[in-house]
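Have a look at entry-v1.tsv; it's TSV, C-alpha atoms and all ligand atoms:
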chain	number	residue	atom	x	y	z
U	27	MET	CA	78.94	144.92	88.38
U	28	LYS	CA	79.39	141.78	86.28
U	29	ILE	CA	82.05	142.55	83.71
U	30	GLY	CA	83.27	140.50	80.75
U	31	ILE	CA	86.83	141.18	79.54
U	32	THR	CA	88.31	140.06	76.24
U	33	CYS	CA	91.98	140.56	75.44
U	34	TYR	CA	94.96	138.89	73.78
U	35	PRO	CA	96.30	136.46	76.36
U	36	THR	CA	99.88	136.64	75.06
U	37	TYR	CA	102.96	138.63	76.15
U	38	GLY	CA	101.93	142.21	75.29
U	39	GLY	CA	100.86	145.47	76.86
U	40	SER	CA	97.16	145.34	75.97
U	41	GLY	CA	96.75	141.89	77.58
U	42	VAL	CA	98.67	143.02	80.65
U	43	VAL	CA	96.49	146.12	81.11
U	44	ALA	CA	93.29	144.08	80.63
U	45	THR	CA	94.37	141.37	83.08
U	46	GLU	CA	95.63	143.74	85.77
U	47	LEU	CA	92.40	145.72	85.41
U	48	GLY	CA	90.30	142.55	85.79
U	49	LYS	CA	92.24	141.59	88.93
U	50	LYS	CA	91.73	145.03	90.46
U	51	LEU	CA	88.01	145.05	89.59
U	52	ALA	CA	87.56	141.63	91.24
U	53	GLU	CA	89.46	142.83	94.35
U	54	SER	CA	87.10	145.78	94.63
U	55	GLY	CA	83.97	143.59	94.58
U	56	HIS	CA	83.05	143.24	90.89
U	57	GLU	CA	82.62	139.86	89.21
U	58	VAL	CA	84.93	139.50	86.22
U	59	HIS	CA	84.73	136.99	83.36
U	60	PHE	CA	87.72	136.74	81.01
U	61	ILE	CA	86.85	135.43	77.55
U	62	SER	CA	89.80	134.50	75.32
U	63	TYR	CA	91.46	131.57	73.49
U	64	ALA	CA	93.95	131.00	76.35
U	65	ILE	CA	94.34	132.11	79.93
U	66	PRO	CA	95.98	135.58	80.00
U	67	TYR	CA	99.56	135.13	81.17
U	68	ARG	CA	99.26	137.54	84.11
U	69	LEU	CA	96.07	135.82	85.34
U	70	ASN	CA	98.14	133.71	87.68
U	71	SER	CA	96.33	133.85	90.98
U	72	PHE	CA	92.97	132.59	92.22
U	73	HIS	CA	90.19	134.94	93.17
U	74	SER	CA	86.64	133.83	93.90
U	75	ARG	CA	85.20	136.60	91.68
U	76	LEU	CA	87.52	135.94	88.69
U	77	PHE	CA	86.49	133.48	85.97
U	78	PHE	CA	88.08	132.37	82.72
U	79	HIS	CA	86.11	131.10	79.70
U	80	GLU	CA	88.15	129.54	76.91
U	81	VAL	CA	87.11	130.13	73.31
U	82	LYS	CA	87.48	126.90	71.35
U	83	VAL	CA	88.14	127.24	67.67
U	84	LEU	CA	86.96	124.44	65.42
U	85	GLU	CA	89.53	123.43	62.82
U	86	TYR	CA	88.04	122.23	59.52
U	87	SER	CA	89.81	121.29	56.32
U	88	LEU	CA	87.73	123.75	54.30
U	89	PHE	CA	89.02	126.67	56.38
U	90	GLU	CA	92.44	127.83	55.41
U	91	HIS	CA	92.03	130.45	58.15
U	92	THR	CA	89.90	129.51	61.14
U	93	PRO	CA	87.28	132.20	61.90
U	94	TYR	CA	88.25	132.97	65.54
U	95	CYS	CA	86.20	136.18	65.43
U	96	LEU	CA	82.99	134.10	65.10
U	97	SER	CA	83.81	131.57	67.83
U	98	LEU	CA	84.66	134.50	70.10
U	99	ALA	CA	81.35	136.26	69.31
U	100	SER	CA	79.41	133.05	70.12
U	101	LYS	CA	81.27	132.65	73.41
U	102	MET	CA	80.73	136.30	74.33
U	103	ALA	CA	76.97	135.98	73.72
U	104	GLU	CA	76.83	132.71	75.70
U	105	ILE	CA	78.70	134.14	78.72
U	106	ALA	CA	76.80	137.43	78.61
U	107	GLU	CA	73.51	135.54	78.93
U	108	PHE	CA	74.68	132.78	81.28
U	109	ALA	CA	76.62	135.04	83.69
U	110	HIS	CA	74.22	138.02	83.26
U	111	LEU	CA	77.03	140.39	82.30
U	112	ASP	CA	76.27	144.08	82.74
U	113	ILE	CA	79.03	145.12	80.40
U	114	LEU	CA	81.69	143.65	78.12
U	115	HIS	CA	85.08	145.39	77.89
U	116	VAL	CA	87.23	144.49	74.89
U	117	HIS	CA	90.92	145.39	74.65
U	118	TYR	CA	92.43	145.93	71.18
U	119	ALA	CA	89.84	146.64	68.50
U	120	ILE	CA	90.78	143.87	66.06
U	121	PRO	CA	88.84	141.58	66.03
U	122	HIS	CA	87.48	141.98	69.57
U	123	ALA	CA	85.24	145.00	68.93
U	124	THR	CA	83.76	143.28	65.89
U	125	SER	CA	83.05	140.08	67.87
U	126	ALA	CA	81.47	142.15	70.67
U	127	TYR	CA	79.25	143.93	68.14
U	128	LEU	CA	78.10	140.54	66.78
U	129	ALA	CA	77.47	139.23	70.30
U	130	ARG	CA	75.35	142.29	71.15
U	131	GLU	CA	73.33	141.83	67.96
U	132	MET	CA	72.84	138.11	68.70
U	133	ILE	CA	71.49	138.75	72.18
U	134	LYS	CA	68.81	141.17	71.00
U	135	GLY	CA	67.08	143.74	73.13
U	136	ASP	CA	69.33	146.16	74.93
U	137	LYS	CA	70.91	143.59	77.19
U	138	LEU	CA	74.62	143.84	76.41
U	139	LYS	CA	76.71	146.99	76.16
U	140	PHE	CA	80.36	146.95	75.24
U	141	VAL	CA	83.36	149.23	75.72
U	142	THR	CA	86.37	149.13	73.40
U	143	THR	CA	89.81	150.19	74.60
U	144	LEU	CA	92.20	151.17	71.82
U	145	HIS	CA	95.79	150.23	72.62
U	146	GLY	CA	97.96	151.21	69.68
U	147	THR	CA	98.71	149.18	66.59
U	148	ASP	CA	94.99	148.34	66.33
U	149	ILE	CA	94.89	151.94	65.05
U	150	THR	CA	98.38	152.96	63.97
U	151	LEU	CA	99.59	149.91	62.04
U	152	ILE	CA	97.03	147.16	61.50
U	153	GLY	CA	93.73	149.01	61.86
U	154	SER	CA	94.61	151.60	59.24
U	155	ASP	CA	95.54	148.95	56.65
U	156	PRO	CA	92.92	149.00	53.85
U	157	SER	CA	92.13	145.32	54.49
U	158	TYR	CA	90.81	146.17	57.96
U	159	SER	CA	90.09	149.90	58.14
U	160	LYS	CA	86.36	149.86	57.24
U	161	ILE	CA	85.42	147.12	59.71
U	162	VAL	CA	87.62	148.62	62.44
U	163	GLU	CA	86.03	152.05	61.98
U	164	PHE	CA	82.54	150.53	62.02
U	165	SER	CA	83.19	148.36	65.10
U	166	ILE	CA	84.74	151.19	67.12
U	167	ASP	CA	81.85	153.48	66.29
U	168	GLN	CA	79.34	150.79	67.23
U	169	SER	CA	80.89	150.45	70.71
U	170	ASN	CA	78.80	151.84	73.57
U	171	GLY	CA	81.96	153.40	75.03
U	172	VAL	CA	85.46	153.98	73.64
U	173	THR	CA	88.68	154.64	75.54
U	174	ALA	CA	92.25	155.22	74.33
U	175	VAL	CA	95.44	154.79	76.36
U	176	SER	CA	96.89	158.25	75.59
U	177	LYS	CA	95.96	161.67	74.26
U	178	TYR	CA	98.14	160.90	71.26
U	179	LEU	CA	96.17	157.73	70.45
U	180	LYS	CA	92.87	159.58	70.75
U	181	THR	CA	94.05	162.25	68.30
U	182	GLU	CA	95.50	159.64	65.96
U	183	THR	CA	92.25	157.64	65.98
U	184	LYS	CA	90.25	160.75	65.07
U	185	LYS	CA	92.75	161.45	62.26
U	186	VAL	CA	92.72	157.94	60.80
U	187	PHE	CA	89.03	157.13	61.21
U	188	ASN	CA	85.76	158.96	61.02
U	189	ILE	CA	84.65	158.07	64.56
U	190	LYS	CA	81.63	159.95	65.90
U	191	LYS	CA	81.68	158.37	69.37
U	192	PRO	CA	83.52	160.38	72.05
U	193	ILE	CA	86.84	158.82	73.05
U	194	GLU	CA	87.91	159.03	76.69
U	195	VAL	CA	91.63	158.92	77.49
U	196	ILE	CA	92.41	156.48	80.31
U	197	TYR	CA	96.12	155.92	80.81
U	198	ASN	CA	97.85	152.61	81.56
U	199	PHE	CA	98.48	152.08	85.26
U	200	ILE	CA	101.22	150.56	87.40
U	201	PRO	CA	100.56	146.90	88.25
U	202	ASP	CA	100.92	146.11	91.98
U	203	GLN	CA	104.08	144.02	91.60
U	204	PHE	CA	106.02	147.16	90.61
U	205	LEU	CA	105.38	148.78	93.98
U	206	ASN	CA	107.71	147.76	96.81
U	207	VAL	CA	109.89	145.45	94.72
U	208	ARG	CA	112.34	143.20	96.58
U	209	PRO	CA	115.89	143.75	95.25
U	210	SER	CA	117.58	140.58	93.97
U	211	THR	CA	121.29	140.30	94.75
U	212	ASP	CA	121.55	137.37	92.31
U	213	LEU	CA	120.35	139.49	89.43
U	214	LYS	CA	122.60	142.39	90.41
U	215	SER	CA	125.69	140.17	90.48
U	216	CYS	CA	124.70	138.60	87.15
U	217	PHE	CA	124.18	141.96	85.43
U	218	LYS	CA	127.07	143.82	87.06
U	219	PRO	CA	129.92	141.43	87.80
U	220	ASP	CA	132.34	144.38	87.47
U	221	GLY	CA	130.04	147.25	88.37
U	222	GLN	CA	128.63	147.60	84.84
U	223	PHE	CA	125.99	150.23	84.08
U	224	VAL	CA	122.88	148.21	83.19
U	225	LEU	CA	120.67	149.24	80.28
U	226	THR	CA	117.46	147.25	80.02
U	227	HIS	CA	114.94	146.85	77.21
U	228	ILE	CA	111.71	144.85	77.45
U	229	SER	CA	109.43	144.20	74.49
U	230	ASN	CA	107.96	141.68	72.12
U	231	PHE	CA	110.76	142.30	69.59
U	232	ARG	CA	108.49	143.31	66.75
U	233	PRO	CA	109.91	145.59	64.02
U	234	VAL	CA	107.97	148.54	65.49
U	235	LYS	CA	110.28	148.37	68.54
U	236	ARG	CA	113.41	149.00	66.39
U	237	THR	CA	115.48	146.66	68.59
U	238	PRO	CA	118.46	146.66	66.15
U	239	ASP	CA	119.01	150.30	67.25
U	240	LEU	CA	119.91	148.95	70.71
U	241	LEU	CA	122.94	147.11	69.29
U	242	GLU	CA	124.04	150.25	67.48
U	243	ILE	CA	123.75	152.22	70.73
U	244	ILE	CA	125.89	149.76	72.69
U	245	LYS	CA	128.43	149.71	69.84
U	246	ILE	CA	128.83	153.50	70.17
U	247	LEU	CA	129.03	153.37	73.97
U	248	ILE	CA	131.73	150.72	74.30
U	249	LYS	CA	134.09	152.62	72.01
U	250	LYS	CA	134.77	154.94	74.97
U	251	ASP	CA	133.83	152.90	78.02
U	252	LYS	CA	133.44	149.12	78.29
U	253	LYS	CA	131.48	149.09	81.55
U	254	TYR	CA	128.02	148.55	80.12
U	255	LYS	CA	125.61	145.64	80.04
U	256	LEU	CA	122.53	145.58	77.82
U	257	VAL	CA	119.81	143.31	79.20
U	258	LEU	CA	117.20	142.28	76.64
U	259	VAL	CA	113.95	140.84	77.96
U	260	GLY	CA	111.15	139.30	75.88
U	261	ASP	CA	110.90	137.47	72.61
U	262	GLY	CA	109.48	137.98	69.16
U	263	PRO	CA	110.17	138.14	65.43
U	264	ASP	CA	113.43	140.17	65.62
U	265	ARG	CA	115.11	138.35	68.49
U	266	SER	CA	117.10	135.71	66.53
U	267	LYS	CA	118.25	138.29	63.99
U	268	LEU	CA	119.53	140.34	66.88
U	269	GLU	CA	121.34	137.39	68.47
U	270	PHE	CA	123.09	136.64	65.16
U	271	LYS	CA	124.08	140.27	64.75
U	272	CYS	CA	125.35	140.42	68.30
U	273	ARG	CA	127.69	137.43	67.59
U	274	GLU	CA	128.77	138.86	64.25
U	275	LEU	CA	129.66	142.21	65.84
U	276	GLU	CA	131.36	140.45	68.79
U	277	LEU	CA	129.12	142.23	71.25
U	278	CYS	CA	128.02	139.15	73.21
U	279	GLU	CA	129.98	140.00	76.36
U	280	TYR	CA	127.99	143.23	76.63
U	281	ILE	CA	124.54	141.78	76.03
U	282	ILE	CA	122.33	139.30	77.88
U	283	PHE	CA	119.25	137.88	76.14
U	284	LEU	CA	116.87	136.75	78.89
U	285	GLY	CA	113.88	135.86	76.71
U	286	LYS	CA	110.40	135.94	78.26
U	287	GLN	CA	110.45	136.50	82.00
U	288	ASP	CA	107.86	136.73	84.74
U	289	ASN	CA	109.98	138.64	87.26
U	290	ILE	CA	110.07	141.94	85.35
U	291	ALA	CA	109.92	144.04	88.52
U	292	GLU	CA	113.07	142.39	89.96
U	293	ILE	CA	114.89	142.76	86.64
U	294	LEU	CA	114.05	146.46	86.49
U	295	ASN	CA	115.13	146.84	90.09
U	296	ALA	CA	118.58	145.55	89.12
U	297	SER	CA	118.79	147.94	86.13
U	298	ASP	CA	120.17	151.46	85.87
U	299	LEU	CA	118.36	152.78	82.80
U	300	PHE	CA	115.49	151.62	80.61
U	301	LEU	CA	115.71	152.06	76.82
U	302	MET	CA	112.82	152.20	74.36
U	303	THR	CA	113.69	152.80	70.71
U	304	SER	CA	110.19	152.33	69.22
U	305	GLU	CA	109.13	153.73	65.86
U	306	THR	CA	105.64	154.26	67.28
U	307	GLU	CA	104.31	153.70	70.79
U	308	SER	CA	100.84	154.67	71.90
U	309	PHE	CA	101.76	154.74	75.60
U	310	GLY	CA	104.74	152.54	76.59
U	311	LEU	CA	103.65	150.45	79.56
U	312	ALA	CA	107.13	148.95	79.99
U	313	ALA	CA	108.59	152.46	80.35
U	314	LEU	CA	105.99	153.27	83.02
U	315	GLU	CA	106.89	150.07	84.91
U	316	ALA	CA	110.56	151.13	84.80
U	317	LEU	CA	109.77	154.63	86.10
U	318	ALA	CA	107.72	153.10	88.93
U	319	CYS	CA	110.84	151.18	89.97
U	320	GLY	CA	112.87	154.43	89.96
U	321	VAL	CA	114.62	153.54	86.70
U	322	PRO	CA	114.98	156.61	84.42
U	323	CYS	CA	114.10	156.08	80.75
U	324	ILE	CA	115.70	157.09	77.47
U	325	THR	CA	113.01	156.76	74.83
U	326	THR	CA	112.07	157.99	71.42
U	327	ASN	CA	109.77	161.01	71.34
U	328	THR	CA	107.11	159.15	69.41
U	329	GLY	CA	103.35	158.97	70.09
U	330	GLY	CA	102.24	158.73	73.71
U	331	LEU	CA	105.75	158.20	75.10
U	332	LYS	CA	105.99	161.96	75.62
U	333	GLU	CA	103.06	161.68	78.06
U	334	VAL	CA	104.96	159.04	80.07
U	335	ASN	CA	108.65	159.97	79.95
U	336	ILE	CA	109.26	163.64	80.69
U	337	HIS	CA	112.38	165.04	79.00
U	338	GLY	CA	114.97	166.20	81.52
U	339	GLU	CA	112.77	165.10	84.44
U	340	THR	CA	112.27	161.33	84.37
U	341	GLY	CA	114.88	160.67	81.68
U	342	TYR	CA	115.38	161.91	78.14
U	343	ILE	CA	113.58	161.62	74.83
U	344	THR	CA	115.03	161.81	71.35
U	345	ASP	CA	114.07	161.36	67.69
U	346	VAL	CA	113.34	157.89	66.33
U	347	GLY	CA	116.59	156.34	65.06
U	348	ASN	CA	118.89	158.94	66.65
U	349	ILE	CA	121.26	156.39	68.17
U	350	GLU	CA	123.99	158.99	68.76
U	351	ALA	CA	121.66	161.01	70.99
U	352	PHE	CA	120.68	157.85	72.89
U	353	ALA	CA	124.38	157.09	73.50
U	354	GLU	CA	125.10	160.67	74.49
U	355	TYR	CA	122.29	160.77	77.09
U	356	ILE	CA	123.33	157.41	78.52
U	357	GLY	CA	126.97	158.51	78.84
U	358	LYS	CA	125.93	161.81	80.44
U	359	ILE	CA	123.77	160.08	83.08
U	360	LYS	CA	126.41	157.41	83.81
U	361	ALA	CA	129.05	160.09	84.38
U	362	ASP	CA	126.97	162.18	86.78
U	363	SER	CA	125.70	160.36	89.85
U	364	ALA	CA	123.86	163.43	91.19
U	365	LEU	CA	121.95	163.69	87.90
U	366	TYR	CA	121.20	159.95	88.05
U	367	LYS	CA	119.81	160.22	91.57
U	368	LYS	CA	117.65	163.20	90.62
U	369	LEU	CA	116.20	161.45	87.55
U	370	SER	CA	115.59	158.24	89.48
U	371	LYS	CA	113.76	160.07	92.29
U	372	ASN	CA	111.67	162.09	89.81
U	373	ALA	CA	110.87	158.95	87.80
U	374	LYS	CA	109.35	157.15	90.76
U	375	LYS	CA	107.54	160.24	92.02
U	376	TYR	CA	106.05	161.08	88.62
U	377	ALA	CA	104.91	157.48	88.01
U	378	LEU	CA	103.37	157.08	91.44
U	379	SER	CA	101.60	160.42	91.46
U	380	ASN	CA	100.03	160.02	88.02
U	381	PHE	CA	99.60	156.34	87.20
U	382	ARG	CA	98.71	154.43	90.36
U	383	SER	CA	95.96	151.84	89.93
U	384	ASP	CA	93.81	153.53	92.57
U	385	ARG	CA	93.75	156.63	90.37
U	386	ILE	CA	93.20	154.90	86.99
U	387	VAL	CA	90.93	151.89	87.72
U	388	PRO	CA	88.07	154.10	89.08
U	389	GLN	CA	88.15	155.95	85.73
U	390	TYR	CA	87.23	152.68	83.98
U	391	VAL	CA	84.47	151.99	86.53
U	392	ALA	CA	83.08	155.52	86.01
U	393	HIS	CA	83.22	154.97	82.25
U	394	TYR	CA	81.21	151.71	82.59
U	395	GLU	CA	78.65	153.51	84.78
U	396	GLN	CA	78.24	156.30	82.23
U	397	VAL	CA	77.77	153.78	79.43
U	398	LEU	CA	75.19	151.82	81.43
U	399	ALA	CA	73.28	154.98	82.34
U	400	ARG	CA	72.86	156.00	78.66
H	1	LIG	O1	99.31	147.91	69.89
H	1	LIG	C1	100.17	147.06	70.10
H	1	LIG	O2	101.28	147.04	69.59
H	1	LIG	C2	99.84	145.97	70.99
H	1	LIG	C3	99.79	146.35	72.40
H	1	LIG	C4	100.20	145.11	73.10
H	1	LIG	O3	99.35	144.25	73.27
H	1	LIG	O4	101.38	145.01	73.41
H	1	LIG	O5	100.67	147.41	72.83
H	1	LIG	C5	100.12	148.67	72.97
H	1	LIG	O6	99.38	148.67	74.16
H	1	LIG	C6	100.07	148.94	75.38
H	1	LIG	C7	99.05	148.92	76.52
H	1	LIG	O7	98.07	149.88	76.36
H	1	LIG	C8	100.80	150.27	75.27
H	1	LIG	O8	101.45	150.59	76.49
H	1	LIG	C9	101.82	150.15	74.13
H	1	LIG	O9	102.46	151.40	73.97
H	1	LIG	C10	101.12	149.79	72.83
H	1	LIG	N1	102.14	149.47	71.80
H	1	LIG	C11	102.33	150.25	70.73
H	1	LIG	O10	101.71	151.27	70.52
H	1	LIG	C12	103.39	149.80	69.78
As structure tokens - that is how I would like this structure written.
Ligand code: GMT
Amino acid sequence: MKIGITCYPTYGGSGVVATELGKKLAESGHEVHFISYAIPYRLNSFHSRLFFHEVKVLEYSLFEHTPYCLSLASKMAEIAEFAHLDILHVHYAIPHATSAYLAREMIKGDKLKFVTTLHGTDITLIGSDPSYSKIVEFSIDQSNGVTAVSKYLKTETKKVFNIKKPIEVIYNFIPDQFLNVRPSTDLKSCFKPDGQFVLTHISNFRPVKRTPDLLEIIKILIKKDKKYKLVLVGDGPDRSKLEFKCRELELCEYIIFLGKQDNIAEILNASDLFLMTSETESFGLAALEALACGVPCITTNTGGLKEVNIHGETGYITDVGNIEAFAEYIGKIKADSALYKKLSKNAKKYALSNFRSDRIVPQYVAHYEQVLAR
């Protein structure tokens, strides 16, 4: 098949899923054309069946806000015709599903079909805002196929919008680099100079991630036991605030801010637990990546996280904002090495038996085939 993929190219789960999917599709013989305003950050290796088409946005003094959605639609229509795309797969509804709808209308006939994958805040936060909800609902319903990354997100979408199209749940999958990770002794000695217990968090530091809770958790923990290190990976709106707070609370010796990193698998491999304090999370790809590395997770029990992190099996889940419970679970696991080993083994086993790419990617291919056969 010839498949177009549009996603956000920046540091974020939806772009990662789209890019890893494109790489896997190309490996299995499909031709894949990425269409976005910049090269997706995980699209870092050459493959003869992978192409990237940059969307140029014309700046003009009359535009206070440049209409990216229109430039994207033009590019989608151009590539669909020029590369003879069979299908276009857009990740994150806003504005990608709307641009895809416009591209399909521009092409005329029945030549282009598009699939929209819903990832999370395109429904739960941004999509449901009155300024976007009507167009988001319309564009999703106009899609030839719709997928959501968890059962929770499917239910939520049906609750928020009046969508008549069936929604298929296709979970996130484990990118290859999280299988057979090489341990890094450098990272281990940096994180655990005195045998510290390493708690890692990876995100884009948006308010929805509730990263300030992480400082509160470490504050509780070190009252009883100083042997902890909190490793914070990623960057975003709340990072500087957190760094200031960390200095103010004199917590700096317990926290490392690594910023954006490429070697996530090695960092997880040098970690003991993964923490996710999100207010809402449609799936939690970073938690899945941790589980795949055998790192148990303590997460909130919000949204799709319950489908990824199994309470008492692969880690623990607790209510949003319940920092005491987070601290309690961390202390309990640190104190009991048999429990740690059990959780770590279960984590890897559960991730690998449910979320391997060779299980999930064929579900997307089957979805494309169904859409094309209609
Ligand atoms: O919806 C978002 O917040 C953006 C998106 C992203 O690009 O990071 O994240 C979502 O998509 C991921 C991949 O499907 C999911 O694993 C994340 O749980 C989800 N984030 C949220 O729901 C907050």
Could you give me the residues within 10 Å of ligand LIG 1 (chain H), counting all atoms listed in the file, as a ChimeraX atom specification? /U:33-44,117-119,143-153,174-176,179,196-199,229-230,232-235,304-314,328-331,334
Distance cut-off 12 Å, centre (122.4, 158.1, 87.3) in file coordinates, counting all atoms listed in the file: which residues qualify? Return them as a PyMOL selection string. chain U and resi 223-225+297-300+320-324+340-341+355-373
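Proximity of U:Leu240, U:Leu96, U:Val141, U:Val259 to Leu277 (chain U), computed with all atoms listed in the file, is greatest for U:Leu240.
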Set out as a Markdown table a contact list for region 224-318 of chain U and region 342-353 of chain U with a cut-off of 10 Å, giving each residue of region 224-318 of chain U that qualifies its closest atom pair and distance in Å to one decimal, counting only C-alpha atoms, ordered by chain and rising residue number.
| residue | atom | partner | partner_atom | distance |
| --- | --- | --- | --- | --- |
| U:Arg236 | CA | U:Gly347 | CA | 8.1 |
| U:Pro238 | CA | U:Gly347 | CA | 9.9 |
| U:Asp239 | CA | U:Ile349 | CA | 6.6 |
| U:Leu240 | CA | U:Ile349 | CA | 8.0 |
| U:Leu241 | CA | U:Ile349 | CA | 9.5 |
| U:Glu242 | CA | U:Ile349 | CA | 6.8 |
| U:Ile243 | CA | U:Ile349 | CA | 5.5 |
| U:Ile244 | CA | U:Ala353 | CA | 7.5 |
| U:Lys245 | CA | U:Ala353 | CA | 9.2 |
| U:Ile246 | CA | U:Ala353 | CA | 6.6 |
| U:Leu247 | CA | U:Ala353 | CA | 6.0 |
| U:Ile248 | CA | U:Ala353 | CA | 9.8 |
| U:Leu301 | CA | U:Phe352 | CA | 8.6 |
| U:Met302 | CA | U:Ile343 | CA | 9.5 |
| U:Thr303 | CA | U:Val346 | CA | 6.7 |
| U:Ser304 | CA | U:Val346 | CA | 7.0 |
| U:Glu305 | CA | U:Val346 | CA | 5.9 |
| U:Thr306 | CA | U:Val346 | CA | 8.6 |
Residues proximal to (75.4, 143.3, 83.1) were defined as those with any atom within 7 Å of that point in the file's coordinates, counting all atoms listed in the file. Which are they, as a CSV table (one decimal) with C-alpha atoms, in the frame of the given file?
chain,number,residue,atom,x,y,z
U,27,MET,CA,78.9,144.9,88.4
U,28,LYS,CA,79.4,141.8,86.3
U,29,ILE,CA,82.0,142.6,83.7
U,110,HIS,CA,74.2,138.0,83.3
U,111,LEU,CA,77.0,140.4,82.3
U,112,ASP,CA,76.3,144.1,82.7
U,113,ILE,CA,79.0,145.1,80.4
U,138,LEU,CA,74.6,143.8,76.4
